[in-house]
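Following: one structure in structure tokens, then a few remarks.
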Amino acid sequence: MTVPALAGGDTARSRAARQGLRLIAAVSTGLLLVLAFPGPDLGPVAFVALIPLLLAVETARPRQAAALGFVAGLVFFVLHIWWINVFGYLPLAALSLVQAVVLAGFAALVPATRQLGAWRLLALPACWAALELARAHAPLGGFPWGILGLTQHGGGPLLPLARVVGVYGISAVIVAVNLAAAMALRGVFAARGGGRSLRPAVGWAVLAAALPFAGLVAPGAPPADTGAAALDLVAVQGNVPGIDRADRPDQRQADAMTFANHLRMTRELAKQTSPDLVIWGEGAVNDDPLRNPDLAFGIRQAAEAAGSPMLVGASTEPSPGHFATEALLYDAQGGLLDRYAKRRLVPFGEYVPGGRLMRELVPATNQVGLDKQPGRRLAPMTVDGVRFGVIACWESAYAEDARQLARDGARFLVVITNNSSWGVVPGSAQHLATSQLRAVEEGRTVVHVAVSGISAVVDLDGVARQETGLYTQASLRAAVPPRSGLTLYARFGRLFELALVGVALAALVAAALLRRRAAPPAAEPISPRPQHVSTRGGS
């Protein structure tokens with residue numbers, strides 16, 4: 001994994017040329033990663049995206065490698081999450097810089113672990129996965145976006161492996177493919193330059209070609225529960241008027257129109273057989289229906305017309321002056337059965353870290369509005385005797401939440417989201433990709449319901465069916481079979497993720513010890529030349 005040396009010796013000009021090639025390689029990796037994710041969504045590109053960076057940093061010093069990794073990370077994240085600038089360029093810049101540091105750390109480990117030899121095929125992928133786990137949970141609750149394994153959300157031979165190793169394990173395998181391919185290329189360069197055998201390069205190439213098919217040996221998804229009837233679910237996408245905030249009427253009018261759309265579309269279900277559950281997305285009711293009699297009356301009318309329980313995404317005020325994002329479960333008569341408050345809030349989106357002090361120091365943060373109050377409980381709800389899990393918006397990016405719900409008895413999963421502030425950008429497709437991974441990991445159907453799109457029903461193979469368009473009114477109806485069996489990832493996912501972190505730490509320790517052993521011994525100090533002492537007598 002090295003940039004081939006240029007002819008003409010190690011002159012200043014050749015060194016500058018090598019640095020230029022390395023910089024181009026780092027930028028190329030950032031751009032290739034963008035192509036692998038939604039919206040370009042060229043998932044197979046992920047298997048080669050890291051090769052330019054790996055070749056560039058192999059012979060670099062760790063500090064230089066870190067700088068190149070930072071460049072690659074910055075290019076990737078700025079373009080991947082460009083849509084976040086709807087909330088301002090400050091969040092875009094801050095998130096991109098913080099996340100790029102993680103890729104810088106991985107790049108520094110490539111030359112730092114050279115002494116591990118072929119063991120790097122295990123060590124470096126584990127280090128990548130451990131770094132993804134770290135950035136998914138810190139700082140401020142983490143940012144689990146742009147996780148490499150999500151590039152395989154649309155299917156392919158590797159995706160079924162998520163039932164065993166989860167999205168972070170998929171990331172590790174993708175890194176191993178890139179690493180093996182880079183080592184194969186390096187072997188070819190060495191063979192051409194010094195007459196060495198091509199056999200090692202062929203071996204690495206075969207491994208790189210075989211690893212993407214590792215999912216073919218993964219066990220199948222849990223079968224539907226024996227004797228249990230499929231639930232008839234309807235997802236209502238009522239839409240928010242205006243593709244972006246500039247096109248939208250004032251907030252109060254937009255909220256009223258959004259609520260009215262959902263009411264009308266739900267009442268129309270009276271013309272059909274009553275479903276087992278009607279689902280509205282996050283923010284379909286942008287006020288507290290438990291405190292607003294008009295909203296409560298409208299929901300009751302809609303539930304009675306549909307003859308069905310309803311799961312409604314609403315903004316609530318659990319106590320005076322404290323606001324939350326909740327999923328409210330009503331019975332077919334409009335009575336409240338259960339509620340779930342969103343636990344993972346978006347920093348600088350739903351609350352300002354540091355509260356009043358941060359708002360005073362950085363006045364721009366006052367654009368966030370009132371801080372939301374996080375929920376404390378994550379537990380399945382029950383409809384028609386069947387338990388199901390509810391996840392609100394970007395909580396679907398956290399694999400452990402869906403895993404806990406499956407272990408606690410949820411037979412299917414519902415993700416309610418809004419996404420209407422983003423406009424027509426890849427953010428909605430990137431969000432849907434997280435639900436696709438959760439469906440495969442847990443062996444559960446995921447009903448992904450957005451107020452303005454994209455809504456879809458995700459099967460156990462990760463395929464999103466009945467996808468809606470953005471900023472359209474649409475409804476989905478699907479028969480969802482309950483499942484109680486657990487995948488290996490649902491049972492042992494936390495242990496596997498801890499094992500990845502353990503391998504990464506062990507690799508770092510081993511690399512440090514080997515570097516110390518390989519370091520040349522310190523030179524003996526040169527003693528001053530002794531003075532000649534005369535043995536003759538003298539005065």
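Letters for chains follow the order of the structure tokens (A, B, ...), residue numbers begin at 1 for each chain, and ligand numbers begin at 1 in the order shown.
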Close residues, Ala184 (chain A) itself excluded, 8 Å, only C-alpha atoms, min 5 positions apart in chain, as a VMD selection string: chain A and resid 200 to 205
Write the residues you've just listed into a file as a CSV table (one decimal), in the first residue's frame, and include all heavy atoms for each of them.
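Just written: selection28.csv:
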chain,number,residue,atom,x,y,z
A,200,PRO,N,2.0,-13.7,-3.8
A,200,PRO,CA,1.3,-13.0,-2.7
A,200,PRO,C,0.2,-12.0,-3.2
A,200,PRO,O,-0.9,-12.0,-2.6
A,200,PRO,CB,2.4,-12.3,-2.0
A,200,PRO,CG,3.6,-13.0,-2.3
A,200,PRO,CD,3.4,-13.4,-3.7
A,201,ALA,N,0.5,-11.3,-4.3
A,201,ALA,CA,-0.5,-10.4,-4.8
A,201,ALA,C,-1.8,-11.1,-5.2
A,201,ALA,O,-2.9,-10.6,-5.0
A,201,ALA,CB,0.1,-9.6,-5.9
A,202,VAL,N,-1.6,-12.3,-5.9
A,202,VAL,CA,-2.7,-13.0,-6.3
A,202,VAL,C,-3.6,-13.5,-5.1
A,202,VAL,O,-4.8,-13.5,-5.1
A,202,VAL,CB,-2.3,-14.2,-7.2
A,202,VAL,CG1,-3.5,-15.2,-7.5
A,202,VAL,CG2,-1.6,-13.7,-8.5
A,203,GLY,N,-2.9,-14.0,-4.1
A,203,GLY,CA,-3.6,-14.4,-2.9
A,203,GLY,C,-4.5,-13.3,-2.3
A,203,GLY,O,-5.6,-13.5,-1.9
A,204,TRP,N,-3.9,-12.1,-2.2
A,204,TRP,CA,-4.6,-11.0,-1.6
A,204,TRP,C,-5.8,-10.6,-2.5
A,204,TRP,O,-6.9,-10.3,-2.0
A,204,TRP,CB,-3.7,-9.7,-1.4
A,204,TRP,CG,-2.8,-9.9,-0.3
A,204,TRP,CD1,-1.4,-9.9,-0.4
A,204,TRP,CD2,-3.1,-10.0,1.1
A,204,TRP,NE1,-0.8,-10.0,0.9
A,204,TRP,CE2,-1.8,-10.1,1.8
A,204,TRP,CE3,-4.3,-10.1,1.8
A,204,TRP,CZ2,-1.8,-10.2,3.2
A,204,TRP,CZ3,-4.2,-10.2,3.2
A,204,TRP,CH2,-3.0,-10.3,3.9
A,205,ALA,N,-5.6,-10.7,-3.8
A,205,ALA,CA,-6.7,-10.3,-4.8
A,205,ALA,C,-7.8,-11.3,-4.6
A,205,ALA,O,-9.0,-10.9,-4.7
A,205,ALA,CB,-6.1,-10.3,-6.2
8 Å contact set for region 83-88 of chain A, only C-alpha atoms, chain neighbours under 3 positions out, as a PyMOL selection string: chain A and resi 80+91-92+349+421-422+425-427
Test item, strand (DSSP E or B) assignment across region 204-450 of chain A, answer as a PyMOL selection string: chain A and resi 231-237+277-280+285+310-319+322-330+336-341+347+351+372+381-383+386-392+413-417+446-450
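Here the question is which of A:Arg163, A:Arg186, A:Arg356, A:Arg491 gets nearest to Pro52 (chain A) using only C-alpha atoms, and that residue is A:Arg186.
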Selection near Asp461 (chain A), 8 Å with only C-alpha atoms, sequence-local residues under 6 positions removed, as a ChimeraX atom specification: /A:155,160,439-440
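Restricting the calculation to only C-alpha atoms, the smallest distance between Leu432 (chain A) and any of A:Ala112, A:Leu150, A:Val451, A:Leu159 is found for A:Leu150.
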7 Å contact set for region 29-38 of chain A, only C-alpha atoms, chain neighbours under 4 positions out, as a list in words: Ala25, Leu42, Gly43, Pro44, Val45, Ala46, Ala49, Leu50, Pro52, Leu53, Ala72, Gly73, Val75, Phe76, Leu79, His80, Thr151, Pro426, Ala429 and Gln430 of chain A
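Here CA of Gly69 (chain A) and CA of Tyr398 (chain A) stand 24.9 Å from one another.
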Per residue of region 162-210 of chain A within 12 Å of region 399-406 of chain A, which atom pair is closest and at what distance in Å (one decimal), using only C-alpha atoms, listed by chain and increasing number, as a tab-separated table?
residue	atom	partner	partner_atom	distance
A:Ala162	CA	A:Ala399	CA	10.9
A:Arg163	CA	A:Arg403	CA	11.0
A:Val165	CA	A:Ala399	CA	11.3
A:Gly166	CA	A:Ala399	CA	7.9
A:Val167	CA	A:Ala399	CA	7.8
A:Tyr168	CA	A:Ala399	CA	9.3
A:Gly169	CA	A:Ala399	CA	11.8
Nearest candidate to Leu476 (chain A) (options A:Val234, A:Leu148, A:Ala341, A:Leu211; using only C-alpha atoms): A:Val234
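The residue that comes closest to Arg465 (chain A), out of A:Ser96, A:Thr445, A:Asn261, A:Ser171 and on the basis of only C-alpha atoms, is A:Thr445.
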Residue set, region 203-335 of chain A restricted to helix (DSSP H, G or I), as a PyMOL selection string: chain A and resi 203-217+245-247+251-271+293-306
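Of the listed residues (A:Cys393, A:Ala180, A:Leu161, A:Leu508), A:Leu161 comes nearest to Leu216 (chain A); the distances count only C-alpha atoms.
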Who sits within 7 Å of Val285 (chain A), only C-alpha atoms, same chain under 3 positions skipped, as a ChimeraX atom specification: /A:259,313-315
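Closest approach to Gly238 (chain A) from the set A:Ala107, A:Ala260, A:Ala379, A:Ala510 is made by A:Ala260, with distances taken over only C-alpha atoms.
Taking CA of Arg291 (chain A) and CA of His262 (chain A) as the two end points, the separation is 19.2 Å.
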Near-Val424 (chain A) list (10 Å; only C-alpha atoms; drop same-chain fewer than 4 positions) as a PyMOL selection string: chain A and resi 83+243-244+419-420+428-429+453+469-471
